[in-house]
Amino acid sequence: MEVLSCSVDSQYTHKIWQEHELSKMVSGGVPYPMLSDTGGRIGRLYGVYDEKGGVNVRGRFLIDPDGVIQAMEVLTPPVGRNFAELVRQVKAFQHVRETGEPTPAGWQPGKKSLKPSPDLVGNVWKVWKIGE
Amino acid sequence: MSCAEGNSRVMVGREAPEFTASAFVNGGFKNIKLSDYRGKWVVLCFYPGDFTFV
């Protein structure tokens, strides 16, 4: 999984932020490319550029190996993301891609996924319990 | 996919809009193209700005 971060700051500001702050939070600094989106050109493409504030809001897009968006989440600036839920979603989408089996609510790696068939219609309750 | 200004729609199940951007990575500057990442899972994260608190 590759991470790309993106804000309206220049790549020069990214460098200073990495060197002066992030490297003190994460040993060696963050390992992923920090993209510069001055003017919000990319943010507009993804519908996350706030024209009034002149910044990109907290949008997160999970893009599969074919370049298709599989998940997206957009938050207003004051609330940070939950990394654990992102990882769960990535693993679930990878599971679906590999097996073709959809994952029920709250699915975790190693838990049961479903095998859709005419027989499963109306019978999910027999093969899957909430929290299973 | 229609990409006309104001007409493009980002949706799950649809192709992610292509872009190029200058980036800071591994101590240097580099141009990044989304399509360079075909074949890989990508998490694209937008945030308001460097040196903000959250």
# chains A, B, ... in the order shown; residues from 1 in each chain; ligands from 1
$ closest_atom_pairs --of "chain B" --to "chain A" --cutoff "7 Å" --atoms "only C-alpha atoms" --output "JSON lines"
{"residue": "B:Val10", "atom": "CA", "partner": "A:Tyr46", "partner_atom": "CA", "distance": 5.8}
{"residue": "B:Met11", "atom": "CA", "partner": "A:Ile69", "partner_atom": "CA", "distance": 6.9}
{"residue": "B:Val12", "atom": "CA", "partner": "A:Ile69", "partner_atom": "CA", "distance": 4.9}
{"residue": "B:Gly13", "atom": "CA", "partner": "A:Ile69", "partner_atom": "CA", "distance": 5.6}
{"residue": "B:Arg14", "atom": "CA", "partner": "A:Val68", "partner_atom": "CA", "distance": 5.3}
{"residue": "B:Glu15", "atom": "CA", "partner": "A:Val68", "partner_atom": "CA", "distance": 4.2}
{"residue": "B:Ala16", "atom": "CA", "partner": "A:Val68", "partner_atom": "CA", "distance": 5.5}
{"residue": "B:Pro17", "atom": "CA", "partner": "A:Leu45", "partner_atom": "CA", "distance": 6.6}
{"residue": "B:Phe19", "atom": "CA", "partner": "A:Ile42", "partner_atom": "CA", "distance": 6.7}
{"residue": "B:Ala21", "atom": "CA", "partner": "A:Leu35", "partner_atom": "CA", "distance": 6.0}
{"residue": "B:Ser22", "atom": "CA", "partner": "A:Ser36", "partner_atom": "CA", "distance": 5.6}
{"residue": "B:Ala23", "atom": "CA", "partner": "A:Leu35", "partner_atom": "CA", "distance": 4.2}
{"residue": "B:Phe24", "atom": "CA", "partner": "A:Met34", "partner_atom": "CA", "distance": 5.2}
{"residue": "B:Val25", "atom": "CA", "partner": "A:Pro33", "partner_atom": "CA", "distance": 4.5}
{"residue": "B:Asn26", "atom": "CA", "partner": "A:Pro31", "partner_atom": "CA", "distance": 6.8}
{"residue": "B:Arg38", "atom": "CA", "partner": "A:Pro65", "partner_atom": "CA", "distance": 5.2}
{"residue": "B:Gly39", "atom": "CA", "partner": "A:Pro65", "partner_atom": "CA", "distance": 4.0}
{"residue": "B:Lys40", "atom": "CA", "partner": "A:Pro65", "partner_atom": "CA", "distance": 4.5}
{"residue": "B:Trp41", "atom": "CA", "partner": "A:Asp64", "partner_atom": "CA", "distance": 4.8}
{"residue": "B:Val42", "atom": "CA", "partner": "A:Glu2", "partner_atom": "CA", "distance": 4.8}
{"residue": "B:Val43", "atom": "CA", "partner": "A:Leu62", "partner_atom": "CA", "distance": 4.7}
{"residue": "B:Leu44", "atom": "CA", "partner": "A:Leu4", "partner_atom": "CA", "distance": 4.9}
{"residue": "B:Cys45", "atom": "CA", "partner": "A:Arg60", "partner_atom": "CA", "distance": 4.5}
{"residue": "B:Phe46", "atom": "CA", "partner": "A:Cys6", "partner_atom": "CA", "distance": 4.7}
{"residue": "B:Tyr47", "atom": "CA", "partner": "A:Arg58", "partner_atom": "CA", "distance": 4.6}
{"residue": "B:Pro48", "atom": "CA", "partner": "A:Asn56", "partner_atom": "CA", "distance": 5.0}
{"residue": "B:Gly49", "atom": "CA", "partner": "A:Ser7", "partner_atom": "CA", "distance": 5.6}
{"residue": "B:Asp50", "atom": "CA", "partner": "A:Trp17", "partner_atom": "CA", "distance": 6.4}
{"residue": "B:Phe51", "atom": "CA", "partner": "A:Trp17", "partner_atom": "CA", "distance": 6.6}
{"residue": "B:Val54", "atom": "CA", "partner": "A:Gly80", "partner_atom": "CA", "distance": 5.7}
$ write_last_selection --atoms "C-alpha atoms" --output "compact mmCIF listing (two decimals), in the first residue's frame"
# COMPACT_ATOMS: atom_id res chain seq x y z
CA VAL B 10 -15.53 11.66 -7.85
CA MET B 11 -17.37 8.47 -6.97
CA VAL B 12 -16.53 5.11 -5.56
CA GLY B 13 -16.34 2.55 -8.36
CA ARG B 14 -15.11 5.18 -10.81
CA GLU B 15 -11.61 5.94 -12.01
CA ALA B 16 -9.63 8.28 -9.78
CA PRO B 17 -8.88 11.58 -11.55
CA PHE B 19 -2.92 14.33 -11.72
CA ALA B 21 2.30 17.14 -8.66
CA SER B 22 5.66 18.18 -7.30
CA ALA B 23 6.43 16.34 -4.11
CA PHE B 24 8.94 16.18 -1.32
CA VAL B 25 10.06 12.59 -0.72
CA ASN B 26 13.17 10.93 0.73
CA ARG B 38 -1.03 1.47 -11.34
CA GLY B 39 -0.77 -2.05 -9.95
CA LYS B 40 -0.57 -0.80 -6.37
CA TRP B 41 -3.08 0.15 -3.71
CA VAL B 42 -2.90 3.90 -3.07
CA VAL B 43 -4.22 5.96 -0.17
CA LEU B 44 -4.45 9.60 -1.21
CA CYS B 45 -4.83 11.83 1.85
CA PHE B 46 -5.68 15.51 1.68
CA TYR B 47 -5.20 17.74 4.73
CA PRO B 48 -5.54 21.45 5.39
CA GLY B 49 -1.91 22.35 5.85
CA ASP B 50 1.58 21.72 7.16
CA PHE B 51 2.15 22.82 10.76
CA VAL B 54 -4.29 17.58 14.05
$ residues_around --residues "Thr20 (chain B)" --least-positions-apart "5" --cutoff "8 Å" --atoms "only C-alpha atoms" --output "number ranges by chain"
B: 31-34
$ write_last_selection --atoms "N, CA, C and O atoms" --output "PDB file, in the first residue's frame"
ATOM      1  N   ASN B  31       8.620  14.752  -9.262  1.00  0.00           N
ATOM      2  CA  ASN B  31       7.278  14.857  -9.828  1.00  0.00           C
ATOM      3  C   ASN B  31       6.579  13.513  -9.708  1.00  0.00           C
ATOM      4  O   ASN B  31       7.155  12.483 -10.042  1.00  0.00           O
ATOM      5  N   ILE B  32       5.362  13.563  -9.223  1.00  0.00           N
ATOM      6  CA  ILE B  32       4.593  12.337  -8.989  1.00  0.00           C
ATOM      7  C   ILE B  32       3.365  12.345  -9.886  1.00  0.00           C
ATOM      8  O   ILE B  32       2.671  13.356  -9.989  1.00  0.00           O
ATOM      9  N   LYS B  33       3.128  11.219 -10.540  1.00  0.00           N
ATOM     10  CA  LYS B  33       1.927  11.049 -11.372  1.00  0.00           C
ATOM     11  C   LYS B  33       1.108   9.928 -10.757  1.00  0.00           C
ATOM     12  O   LYS B  33       1.660   8.872 -10.438  1.00  0.00           O
ATOM     13  N   LEU B  34      -0.191  10.130 -10.604  1.00  0.00           N
ATOM     14  CA  LEU B  34      -1.010   9.067 -10.002  1.00  0.00           C
ATOM     15  C   LEU B  34      -0.879   7.770 -10.803  1.00  0.00           C
ATOM     16  O   LEU B  34      -0.781   6.687 -10.242  1.00  0.00           O
TER      17      LEU B  34
END
$ atom_distance --atom1 "CA of Ser117 (chain A)" --atom2 "CA of Gln89 (chain A)"
23.8 Å
$ atom_distance --atom1 "CA of Lys52 (chain A)" --atom2 "CA of Thr52 (chain B)"
17.5 Å
$ select_by_dssp --residues "chain B" --states "strand (DSSP E or B)" --output "tab-separated table (two decimals) with N, CA, C and O atoms, in the first residue's frame"
chain	number	residue	atom	x	y	z
B	15	GLU	N	-13.05	5.71	-11.93
B	15	GLU	CA	-11.61	5.94	-12.01
B	15	GLU	C	-11.23	7.20	-11.25
B	15	GLU	O	-11.93	8.22	-11.32
B	20	THR	N	-0.70	15.23	-11.82
B	20	THR	CA	0.73	15.23	-11.54
B	20	THR	C	0.97	16.33	-10.51
B	20	THR	O	0.23	17.30	-10.46
B	21	ALA	N	2.00	16.15	-9.69
B	21	ALA	CA	2.30	17.14	-8.66
B	21	ALA	C	3.77	17.08	-8.29
B	21	ALA	O	4.40	16.02	-8.40
B	22	SER	N	4.32	18.22	-7.87
B	22	SER	CA	5.66	18.18	-7.30
B	22	SER	C	5.53	17.70	-5.87
B	22	SER	O	4.57	18.02	-5.18
B	23	ALA	N	6.51	16.92	-5.45
B	23	ALA	CA	6.43	16.34	-4.11
B	23	ALA	C	7.79	16.38	-3.43
B	23	ALA	O	8.83	16.46	-4.10
B	24	PHE	N	7.73	16.35	-2.11
B	24	PHE	CA	8.94	16.18	-1.32
B	24	PHE	C	8.95	14.74	-0.84
B	24	PHE	O	7.99	14.29	-0.21
B	25	VAL	N	9.99	13.99	-1.15
B	25	VAL	CA	10.06	12.59	-0.72
B	25	VAL	C	11.52	12.16	-0.58
B	25	VAL	O	12.36	12.50	-1.43
B	28	GLY	N	14.28	14.68	-1.10
B	28	GLY	CA	14.44	15.38	-2.37
B	28	GLY	C	13.11	15.76	-3.00
B	28	GLY	O	12.04	15.42	-2.47
B	29	PHE	N	13.17	16.44	-4.12
B	29	PHE	CA	11.95	16.84	-4.83
B	29	PHE	C	11.75	15.94	-6.05
B	29	PHE	O	12.71	15.56	-6.71
B	30	LYS	N	10.48	15.64	-6.32
B	30	LYS	CA	10.18	14.68	-7.37
B	30	LYS	C	8.81	14.99	-7.95
B	30	LYS	O	7.93	15.45	-7.22
B	31	ASN	N	8.62	14.75	-9.26
B	31	ASN	CA	7.28	14.86	-9.83
B	31	ASN	C	6.58	13.51	-9.71
B	31	ASN	O	7.16	12.48	-10.04
B	32	ILE	N	5.36	13.56	-9.22
B	32	ILE	CA	4.59	12.34	-8.99
B	32	ILE	C	3.36	12.35	-9.89
B	32	ILE	O	2.67	13.36	-9.99
B	33	LYS	N	3.13	11.22	-10.54
B	33	LYS	CA	1.93	11.05	-11.37
B	33	LYS	C	1.11	9.93	-10.76
B	33	LYS	O	1.66	8.87	-10.44
B	42	VAL	N	-3.34	2.55	-3.42
B	42	VAL	CA	-2.90	3.90	-3.07
B	42	VAL	C	-3.89	4.52	-2.10
B	42	VAL	O	-5.10	4.43	-2.30
B	43	VAL	N	-3.38	5.13	-1.04
B	43	VAL	CA	-4.22	5.96	-0.17
B	43	VAL	C	-3.80	7.40	-0.39
B	43	VAL	O	-2.65	7.78	-0.11
B	44	LEU	N	-4.70	8.18	-0.95
B	44	LEU	CA	-4.45	9.60	-1.21
B	44	LEU	C	-5.12	10.41	-0.10
B	44	LEU	O	-6.34	10.37	0.05
B	45	CYS	N	-4.31	11.10	0.69
B	45	CYS	CA	-4.83	11.83	1.85
B	45	CYS	C	-4.64	13.33	1.69
B	45	CYS	O	-3.50	13.81	1.60
B	46	PHE	N	-5.75	14.05	1.68
B	46	PHE	CA	-5.68	15.51	1.68
B	46	PHE	C	-5.76	16.00	3.12
B	46	PHE	O	-6.41	15.38	3.96
$ residues_around --residues "region 102-110 of chain A" --least-positions-apart "4" --cutoff "9 Å" --atoms "only C-alpha atoms" --output "compact mmCIF listing (two decimals) with all heavy atoms, in the first residue's frame"
# COMPACT_ATOMS: atom_id res chain seq x y z
N ARG A 88 -8.16 -1.54 8.13
CA ARG A 88 -9.20 -2.57 8.03
C ARG A 88 -9.86 -2.55 6.66
O ARG A 88 -10.07 -3.58 6.02
CB ARG A 88 -10.26 -2.36 9.13
CG ARG A 88 -11.24 -3.52 9.27
CD ARG A 88 -12.48 -3.11 10.05
NE ARG A 88 -13.34 -2.24 9.26
CZ ARG A 88 -14.25 -2.67 8.38
NH1 ARG A 88 -14.44 -3.97 8.21
NH2 ARG A 88 -14.97 -1.83 7.68
N GLN A 89 -10.16 -1.34 6.19
CA GLN A 89 -10.80 -1.22 4.87
C GLN A 89 -9.88 -1.70 3.75
O GLN A 89 -10.32 -2.39 2.83
CB GLN A 89 -11.22 0.23 4.61
CG GLN A 89 -12.45 0.64 5.41
CD GLN A 89 -12.89 2.06 5.08
OE1 GLN A 89 -12.48 2.65 4.10
NE2 GLN A 89 -13.75 2.61 5.94
N LYS A 91 -7.55 -3.94 3.95
CA LYS A 91 -7.49 -5.41 4.01
C LYS A 91 -8.79 -6.03 3.49
O LYS A 91 -8.77 -7.06 2.81
CB LYS A 91 -7.20 -5.86 5.44
CG LYS A 91 -5.76 -5.55 5.79
CD LYS A 91 -5.35 -6.08 7.14
CE LYS A 91 -3.84 -5.87 7.34
NZ LYS A 91 -3.44 -5.95 8.74
N ALA A 92 -9.91 -5.40 3.80
CA ALA A 92 -11.20 -5.92 3.32
C ALA A 92 -11.29 -5.82 1.80
O ALA A 92 -11.70 -6.78 1.13
CB ALA A 92 -12.35 -5.17 4.00
N PHE A 93 -10.90 -4.69 1.25
CA PHE A 93 -10.96 -4.55 -0.21
C PHE A 93 -9.99 -5.49 -0.90
O PHE A 93 -10.28 -6.03 -1.97
CB PHE A 93 -10.71 -3.09 -0.63
CG PHE A 93 -11.95 -2.24 -0.48
CD1 PHE A 93 -12.04 -1.28 0.51
CD2 PHE A 93 -13.03 -2.41 -1.34
CE1 PHE A 93 -13.18 -0.51 0.66
CE2 PHE A 93 -14.18 -1.64 -1.20
CZ PHE A 93 -14.25 -0.69 -0.19
N HIS A 95 -9.13 -8.40 0.28
CA HIS A 95 -9.76 -9.73 0.42
C HIS A 95 -10.82 -9.92 -0.67
O HIS A 95 -10.88 -10.98 -1.32
CB HIS A 95 -10.38 -9.85 1.81
CG HIS A 95 -11.10 -11.14 2.04
ND1 HIS A 95 -10.45 -12.26 2.52
CD2 HIS A 95 -12.39 -11.50 1.84
CE1 HIS A 95 -11.33 -13.26 2.61
NE2 HIS A 95 -12.51 -12.82 2.21
N VAL A 96 -11.63 -8.91 -0.89
CA VAL A 96 -12.69 -9.00 -1.91
C VAL A 96 -12.06 -9.18 -3.29
O VAL A 96 -12.50 -10.00 -4.10
CB VAL A 96 -13.57 -7.73 -1.88
CG1 VAL A 96 -14.51 -7.70 -3.08
CG2 VAL A 96 -14.36 -7.66 -0.58
N LEU A 114 -18.57 -13.70 2.86
CA LEU A 114 -19.77 -14.37 2.37
C LEU A 114 -19.57 -14.91 0.96
O LEU A 114 -18.80 -14.38 0.17
CB LEU A 114 -20.95 -13.38 2.39
CG LEU A 114 -21.25 -12.81 3.78
CD1 LEU A 114 -22.34 -11.73 3.69
CD2 LEU A 114 -21.68 -13.90 4.75
N LYS A 115 -20.26 -16.01 0.65
CA LYS A 115 -20.24 -16.57 -0.70
C LYS A 115 -21.62 -16.41 -1.31
O LYS A 115 -22.50 -17.26 -1.09
CB LYS A 115 -19.85 -18.06 -0.63
CG LYS A 115 -18.45 -18.30 -0.08
CD LYS A 115 -18.13 -19.79 0.00
CE LYS A 115 -16.71 -20.07 0.45
NZ LYS A 115 -16.39 -19.50 1.78
N PRO A 116 -21.83 -15.33 -2.05
CA PRO A 116 -23.17 -15.08 -2.57
C PRO A 116 -23.63 -16.17 -3.52
O PRO A 116 -22.86 -16.65 -4.34
CB PRO A 116 -23.01 -13.75 -3.33
CG PRO A 116 -21.75 -13.15 -2.81
CD PRO A 116 -20.88 -14.30 -2.43
N TRP A 128 -24.01 -16.11 9.30
CA TRP A 128 -23.18 -15.03 9.85
C TRP A 128 -23.93 -14.32 10.97
O TRP A 128 -25.08 -13.95 10.83
CB TRP A 128 -22.82 -14.02 8.76
CG TRP A 128 -22.02 -12.87 9.28
CD1 TRP A 128 -20.70 -12.89 9.60
CD2 TRP A 128 -22.48 -11.54 9.55
NE1 TRP A 128 -20.31 -11.66 10.06
CE2 TRP A 128 -21.37 -10.81 10.03
CE3 TRP A 128 -23.71 -10.89 9.42
CZ2 TRP A 128 -21.46 -9.47 10.40
CZ3 TRP A 128 -23.79 -9.55 9.78
CH2 TRP A 128 -22.68 -8.85 10.26
N ILE A 130 -23.76 -11.10 13.88
CA ILE A 130 -23.11 -9.80 14.09
C ILE A 130 -21.93 -9.98 15.04
O ILE A 130 -22.04 -10.64 16.07
CB ILE A 130 -24.13 -8.78 14.66
CG1 ILE A 130 -25.12 -8.39 13.56
CG2 ILE A 130 -23.41 -7.52 15.19
CD1 ILE A 130 -26.27 -7.54 14.02
N GLY A 131 -20.81 -9.43 14.65
CA GLY A 131 -19.61 -9.50 15.49
C GLY A 131 -18.77 -10.73 15.21
O GLY A 131 -17.71 -10.91 15.79
N GLU A 132 -19.27 -11.59 14.32
CA GLU A 132 -18.54 -12.84 14.02
C GLU A 132 -17.33 -12.57 13.14
O GLU A 132 -17.40 -11.74 12.26
CB GLU A 132 -19.47 -13.81 13.29
CG GLU A 132 -19.06 -15.25 13.45
CD GLU A 132 -20.15 -16.18 12.92
OE1 GLU A 132 -20.35 -16.20 11.70
OE2 GLU A 132 -20.80 -16.85 13.73
$ atom_distance --atom1 "CA of Lys24 (chain A)" --atom2 "CA of Val87 (chain A)"
23.8 Å
